[in-house]
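**Student:** Quick one: this structure, given as structure tokens, is what I'll be asking you about.
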Amino acid sequence: MSSIRPWRTIERRKSRQIMVGNVPVGGDAPITVQTMTNTPTEDITATIDQIRRCEEVGADIIRVSCPTEESTRDFKKITRAARIPVVADIHFHYQRALEAADAGAACLRINPGNIGSAQRVAEVVRAAKANGCAIRIGVNAGSLEKDLLEKYGEPCPEALIESALDHIKLLQDHDFHEYKVAVKASDVFLAVAAYHGLAETVDCPLHLGITEAGGLIGGTVKSSIGIGSLLWAGIGDTIRVSLSAEPEQEIKVGFEMLKALGLRTRGVRVVSCPSCSRQGFDVIRTVETLEKRLEHIKTPMSLSVLGCVVNGPGEARETDIGLTGGGNGKHMVYLSGMKAHAIDDEAMLDHIVKLVEEKAAAIEAGEATAFDPHATPQSAVAAE
């Protein structure tokens with residue numbers, strides 16, 4: 001724990017580490033961000049194209065549904081084309097898991113409530129072992145086993161945890177330990193309580209998610225409350241933000257969550273104001289444009305965009321590059337926390353993009369470091 005800023009410290013739950021393809025999950029590995037394709041898996045070209053777009057925005061792992069024999073027939077083409085591990089999503093038909101494992105899936109996602117008998121799960125385990133696949137046990141409040149619903153009367157944290165433990169035991173009975181577990185619900189309170197209880201009971205990696213969270217805005221808020229509170233408590237090793245939106249959006253939201261908590265850094269972290277009548281330029285449109293034009297930047301760094309001088313200089317002192325609105329179309333640019341020069345309206349956007357790209361290139365070349373406002377004076381000089 002940091003003795004200087006203990007309020008920023010997140011102590012992650014200690015978990016075993018497993019491998020999903022070449023990506024470590026759990027232990028001291030970075031928390032991974034994943035999503036799921038929504039193209040027909042049988043459409044190989046469309047599915048690979050969507051995977052590629054998700055890779056470009058930073059996806060660590062991608063899940064692909066395998067509901068039919070046709071979907072696994074050419075699954076090997078997908079796993080070979082993907083640059084990141086592919087998880088095969090299996091429901092009802094355990095044969096699809098066997099086929100996907102043989103076709104190069106890095107992980108098999110099975111929902112114990114609908115995969116079938118213990119014997120079928122055992123066959124899936126054998127296929128996973130033979131092909132070096134991990135398994136994700138996906139418990140969901142919407143598809144709990146009938147006996148647990150009868151026992152508890154409704155989906156509740158205890159029911160989700162019991163389901164997870166039953167199926168963990170089944171894997172362990174077959175001497176299989178490369179598994180991670182999710183206990184998802186669309187109810188934030190239910191999901192969070194279940195994850196807290198499970199985290200205290202098992203040592204395996206946990207896959208976080210609030211299932212069926214909603215659209216881009218509502219789902220982002222709901223997921224941020226649920227997943228964010230768990231991450232803040234140190235719980236979670238891989239996340240999927242479930243949105244009724246394109247999978248690339250899920251990845252972006254997931255990374256923003258991790259960036260906000262200081263758990264992952266990728267790309268430009270933007271600090272911006274909500275705008276008001278004091279603004280010296282159109283903050284909303286400026287931020288929208290800058291975020292779009294800077295999507296290609298993967299280097300971790302910070303940019304502040306504030307419309308006036310009330311909080312602008314203070315925020316600029318904390319970021320690699322800062323922009324503060326001024327009068328008469330003249331705005332102030334800050335570099336590594338220091339006032340640098342003025343820029344007018346017409347040149348502002350291109351100028352900020354150029355500064356960010358140049359700083360990112362210098363960081364990647366080892367000629368500079370991302371600005372740390374709390375570094376020692378010597379380190380601060382090196383960052384400029």
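Ordering of the structure tokens sets the chain letters (A, B, ...); residue numbers start at 1 within each chain; ligands are numbered from 1 in the order shown.
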Would you kindly return, as a PDB file with N, CA and C atoms, in the first residue's frame, each protein, DNA or RNA residue with an atom no farther than 8 Å from any atom of Thr79 of chain A, considering only C-alpha atoms and excluding same-chain residues fewer than 4 positions away?
**Tutor:**
```pdb
ATOM      1  N   PHE A  75     -14.663 -23.118 -37.939  1.00  0.00           N
ATOM      2  CA  PHE A  75     -14.215 -22.332 -36.785  1.00  0.00           C
ATOM      3  C   PHE A  75     -12.695 -22.185 -36.763  1.00  0.00           C
ATOM      4  N   PRO A  85      -6.738 -14.508 -28.317  1.00  0.00           N
ATOM      5  CA  PRO A  85      -7.395 -15.787 -28.045  1.00  0.00           C
ATOM      6  C   PRO A  85      -8.899 -15.717 -28.297  1.00  0.00           C
ATOM      7  N   VAL A  86      -9.435 -16.803 -28.828  1.00  0.00           N
ATOM      8  CA  VAL A  86     -10.859 -16.903 -29.135  1.00  0.00           C
ATOM      9  C   VAL A  86     -11.521 -17.862 -28.144  1.00  0.00           C
ATOM     10  N   ALA A 103     -10.942 -27.220 -32.991  1.00  0.00           N
ATOM     11  CA  ALA A 103     -10.699 -26.206 -34.023  1.00  0.00           C
ATOM     12  C   ALA A 103      -9.848 -25.039 -33.530  1.00  0.00           C
ATOM     13  N   GLY A 104      -9.304 -25.134 -32.329  1.00  0.00           N
ATOM     14  CA  GLY A 104      -8.360 -24.106 -31.891  1.00  0.00           C
ATOM     15  C   GLY A 104      -8.871 -23.093 -30.899  1.00  0.00           C
ATOM     16  N   ALA A 105     -10.049 -23.319 -30.316  1.00  0.00           N
ATOM     17  CA  ALA A 105     -10.533 -22.389 -29.291  1.00  0.00           C
ATOM     18  C   ALA A 105      -9.555 -22.367 -28.122  1.00  0.00           C
TER      19      ALA A 105
END
```
**Student:** List every residue of segment 48-148 of chain A that DSSP, applied to the backbone, labels as strand (DSSP E or B), and write the result as a ChimeraX atom specification.
**Tutor:** /A:61-65,86-90,107-110,134-140
**Student:** Check the smallest atom-to-atom distance from each of A:Arg293, A:Arg63, A:Arg12, A:Lys359 to Thr47 of chain A using only C-alpha atoms, then report the winner.
**Tutor:**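 Of all the options, A:Arg63 lies closest to Thr47 of chain A.
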**Student:** I'd like the contact shell of Ile225 of chain A - 12 Å cut-off, only C-alpha atoms, skipping same-chain residues fewer than 6 positions apart - returned as a ChimeraX atom specification.
**Tutor:** /A:187-189,191-192,209-210,213,218-219,231-232,241,257
**Student:** Please list as an mmCIF file with N, CA and C atoms, in the first residue's frame every residue within 10 Å of Tyr195 of chain A, counting only C-alpha atoms and excluding residues in the same chain fewer than 4 positions away.
**Tutor:**
```cif
data_model
loop_
_atom_site.group_PDB
_atom_site.id
_atom_site.type_symbol
_atom_site.label_atom_id
_atom_site.label_comp_id
_atom_site.auth_asym_id
_atom_site.auth_seq_id
_atom_site.Cartn_x
_atom_site.Cartn_y
_atom_site.Cartn_z
ATOM 1 N N PRO A 157 -27.813 -14.563 -4.348
ATOM 2 C CA PRO A 157 -26.361 -14.777 -4.327
ATOM 3 C C PRO A 157 -25.982 -16.202 -3.950
ATOM 4 N N LEU A 160 -26.442 -18.596 -6.931
ATOM 5 C CA LEU A 160 -25.402 -18.443 -7.950
ATOM 6 C C LEU A 160 -24.090 -19.045 -7.481
ATOM 7 N N ILE A 161 -23.744 -18.806 -6.231
ATOM 8 C CA ILE A 161 -22.486 -19.332 -5.688
ATOM 9 C C ILE A 161 -22.527 -20.854 -5.618
ATOM 10 N N VAL A 181 -14.385 -18.297 -13.485
ATOM 11 C CA VAL A 181 -15.807 -18.385 -13.170
ATOM 12 C C VAL A 181 -16.456 -17.008 -13.235
ATOM 13 N N ALA A 182 -17.689 -16.985 -13.725
ATOM 14 C CA ALA A 182 -18.513 -15.780 -13.683
ATOM 15 C C ALA A 182 -19.835 -16.126 -13.013
ATOM 16 N N VAL A 183 -20.344 -15.211 -12.197
ATOM 17 C CA VAL A 183 -21.680 -15.361 -11.610
ATOM 18 C C VAL A 183 -22.456 -14.088 -11.947
ATOM 19 N N LYS A 184 -23.017 -14.050 -13.145
ATOM 20 C CA LYS A 184 -23.600 -12.822 -13.673
ATOM 21 C C LYS A 184 -25.101 -12.730 -13.405
ATOM 22 N N LEU A 190 -27.552 -8.145 -7.027
ATOM 23 C CA LEU A 190 -27.406 -9.597 -7.008
ATOM 24 C C LEU A 190 -26.029 -10.017 -7.503
ATOM 25 N N ALA A 191 -25.621 -9.449 -8.626
ATOM 26 C CA ALA A 191 -24.325 -9.822 -9.194
ATOM 27 C C ALA A 191 -23.178 -9.467 -8.248
ATOM 28 N N ALA A 199 -15.736 -14.690 -4.276
ATOM 29 C CA ALA A 199 -14.339 -14.280 -4.119
ATOM 30 C C ALA A 199 -13.755 -14.737 -2.792
ATOM 31 N N GLU A 200 -14.599 -14.834 -1.788
ATOM 32 C CA GLU A 200 -14.140 -15.277 -0.470
ATOM 33 C C GLU A 200 -14.034 -16.790 -0.368
ATOM 34 N N THR A 201 -14.588 -17.493 -1.357
ATOM 35 C CA THR A 201 -14.718 -18.947 -1.265
ATOM 36 C C THR A 201 -13.723 -19.700 -2.136
ATOM 37 N N LEU A 206 -11.672 -14.671 -11.594
ATOM 38 C CA LEU A 206 -13.084 -14.332 -11.759
ATOM 39 C C LEU A 206 -13.282 -13.442 -12.980
ATOM 40 N N HIS A 207 -14.279 -13.809 -13.775
ATOM 41 C CA HIS A 207 -14.679 -13.040 -14.957
ATOM 42 C C HIS A 207 -15.862 -12.179 -14.544
ATOM 43 N N LEU A 208 -15.719 -10.858 -14.629
ATOM 44 C CA LEU A 208 -16.758 -9.951 -14.168
ATOM 45 C C LEU A 208 -17.673 -9.504 -15.301
ATOM 46 N N GLY A 209 -18.940 -9.326 -14.949
ATOM 47 C CA GLY A 209 -19.884 -8.763 -15.901
ATOM 48 C C GLY A 209 -21.233 -8.564 -15.260
ATOM 49 N N ILE A 227 -19.397 -3.515 -12.084
ATOM 50 C CA ILE A 227 -18.023 -3.962 -12.315
ATOM 51 C C ILE A 227 -17.048 -3.035 -11.604
ATOM 52 N N LEU A 230 -16.695 -3.716 -7.898
ATOM 53 C CA LEU A 230 -15.940 -4.942 -7.655
ATOM 54 C C LEU A 230 -14.442 -4.735 -7.892
ATOM 55 N N ILE A 235 -11.578 -7.149 -6.670
ATOM 56 C CA ILE A 235 -12.136 -8.395 -7.212
ATOM 57 C C ILE A 235 -12.231 -8.311 -8.732
ATOM 58 N N GLY A 236 -11.757 -9.347 -9.411
ATOM 59 C CA GLY A 236 -11.900 -9.404 -10.864
ATOM 60 C C GLY A 236 -10.583 -9.516 -11.586
#
```
**Student:** Between atom CA of Ser71 of chain A and atom CA of Glu42 of chain A, what is the spacing in Å?
**Tutor:**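 Atom-to-atom, atom CA of Glu42 of chain A to atom CA of Ser71 of chain A, that is 4.8 Å.
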**Student:** Please determine, counting only C-alpha atoms, which residue among A:Ile321, A:Leu148, A:Ala59, A:Val124 has the shortest atom-to-atom distance to Lys339 of chain A.
**Tutor:** A:Ile321
**Student:** Pull the closest atom pair for each residue of segment 90-116 of chain A that gets at most 12 Å from segment 19-28 of chain A, along with the distance in Å to one decimal, counting only C-alpha atoms, ordering rows by chain and then ascending residue number, as a tab-separated table.
**Tutor:**
```
residue	atom	partner	partner_atom	distance
A:Ala101	CA	A:Gly21	CA	11.8
A:Gly104	CA	A:Gly21	CA	9.3
A:Ala105	CA	A:Gly21	CA	8.2
A:Ala106	CA	A:Gly21	CA	4.8
A:Cys107	CA	A:Val20	CA	6.1
A:Leu108	CA	A:Val20	CA	9.7
A:Arg109	CA	A:Val20	CA	11.4
```
**Student:** Could you write out the selected residues, including N, CA, C and O atoms, as a PDB file, in the first residue's frame?
**Tutor:**
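Done, and the output landed in out_16.pdb:
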```pdb
ATOM      1  N   ALA A 101     -13.121 -26.988 -29.512  1.00  0.00           N
ATOM      2  CA  ALA A 101     -11.824 -27.300 -28.896  1.00  0.00           C
ATOM      3  C   ALA A 101     -10.869 -27.869 -29.939  1.00  0.00           C
ATOM      4  O   ALA A 101      -9.687 -27.488 -29.994  1.00  0.00           O
ATOM      5  N   GLY A 104      -9.304 -25.134 -32.329  1.00  0.00           N
ATOM      6  CA  GLY A 104      -8.360 -24.106 -31.891  1.00  0.00           C
ATOM      7  C   GLY A 104      -8.871 -23.093 -30.899  1.00  0.00           C
ATOM      8  O   GLY A 104      -8.202 -22.075 -30.655  1.00  0.00           O
ATOM      9  N   ALA A 105     -10.049 -23.319 -30.316  1.00  0.00           N
ATOM     10  CA  ALA A 105     -10.533 -22.389 -29.291  1.00  0.00           C
ATOM     11  C   ALA A 105      -9.555 -22.367 -28.122  1.00  0.00           C
ATOM     12  O   ALA A 105      -9.049 -23.404 -27.700  1.00  0.00           O
ATOM     13  N   ALA A 106      -9.295 -21.175 -27.592  1.00  0.00           N
ATOM     14  CA  ALA A 106      -8.396 -21.045 -26.441  1.00  0.00           C
ATOM     15  C   ALA A 106      -9.126 -21.305 -25.135  1.00  0.00           C
ATOM     16  O   ALA A 106      -8.512 -21.599 -24.115  1.00  0.00           O
ATOM     17  N   CYS A 107     -10.454 -21.167 -25.179  1.00  0.00           N
ATOM     18  CA  CYS A 107     -11.264 -21.335 -23.978  1.00  0.00           C
ATOM     19  C   CYS A 107     -12.670 -21.748 -24.398  1.00  0.00           C
ATOM     20  O   CYS A 107     -13.149 -21.339 -25.462  1.00  0.00           O
ATOM     21  N   LEU A 108     -13.314 -22.548 -23.572  1.00  0.00           N
ATOM     22  CA  LEU A 108     -14.686 -22.952 -23.805  1.00  0.00           C
ATOM     23  C   LEU A 108     -15.547 -22.336 -22.719  1.00  0.00           C
ATOM     24  O   LEU A 108     -15.314 -22.556 -21.530  1.00  0.00           O
ATOM     25  N   ARG A 109     -16.535 -21.542 -23.121  1.00  0.00           N
ATOM     26  CA  ARG A 109     -17.454 -20.956 -22.154  1.00  0.00           C
ATOM     27  C   ARG A 109     -18.681 -21.841 -22.110  1.00  0.00           C
ATOM     28  O   ARG A 109     -19.392 -21.980 -23.104  1.00  0.00           O
TER      29      ARG A 109
END
```
**Student:** Between A:His196, A:His296, A:Lys76, A:His351, single out the one closest to Met332 of chain A, counting only C-alpha atoms.
**Tutor:**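 Nearest to Met332 of chain A: A:His351.
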**Student:** Produce a table with one row for each residue of segment 114-134 of chain A that has an atom at most 8 Å from any atom of segment 165-174 of chain A, each row naming the nearest atom pair and its distance in Å at one decimal; use only C-alpha atoms; arrange rows by chain and rising residue number; format as JSON lines.
**Tutor:**
```
{"residue": "A:Ala118", "atom": "CA", "partner": "A:Leu170", "partner_atom": "CA", "distance": 7.6}
{"residue": "A:Ala122", "atom": "CA", "partner": "A:His174", "partner_atom": "CA", "distance": 7.3}
{"residue": "A:Val125", "atom": "CA", "partner": "A:Leu171", "partner_atom": "CA", "distance": 7.0}
```
**Student:** Residues as selected, all heavy atoms, written as a JSON list (two decimals), in the first residue's frame, can you do that?
**Tutor:**
```
[["chain", "number", "residue", "atom", "x", "y", "z"],
["A", 118, "ALA", "N", -23.93, -34.27, -16.16],
["A", 118, "ALA", "CA", -22.55, -34.28, -15.67],
["A", 118, "ALA", "C", -21.65, -35.04, -16.63],
["A", 118, "ALA", "O", -20.47, -34.70, -16.82],
["A", 118, "ALA", "CB", -22.50, -34.90, -14.28],
["A", 122, "ALA", "N", -18.29, -33.73, -18.45],
["A", 122, "ALA", "CA", -17.05, -34.51, -18.38],
["A", 122, "ALA", "C", -16.42, -34.65, -19.76],
["A", 122, "ALA", "O", -15.19, -34.60, -19.91],
["A", 122, "ALA", "CB", -17.32, -35.88, -17.78],
["A", 125, "VAL", "N", -14.70, -31.48, -20.60],
["A", 125, "VAL", "CA", -13.43, -31.39, -19.87],
["A", 125, "VAL", "C", -12.35, -32.19, -20.59],
["A", 125, "VAL", "O", -11.21, -31.73, -20.75],
["A", 125, "VAL", "CB", -13.59, -31.89, -18.42],
["A", 125, "VAL", "CG1", -12.23, -32.02, -17.74],
["A", 125, "VAL", "CG2", -14.48, -30.93, -17.64]]
```
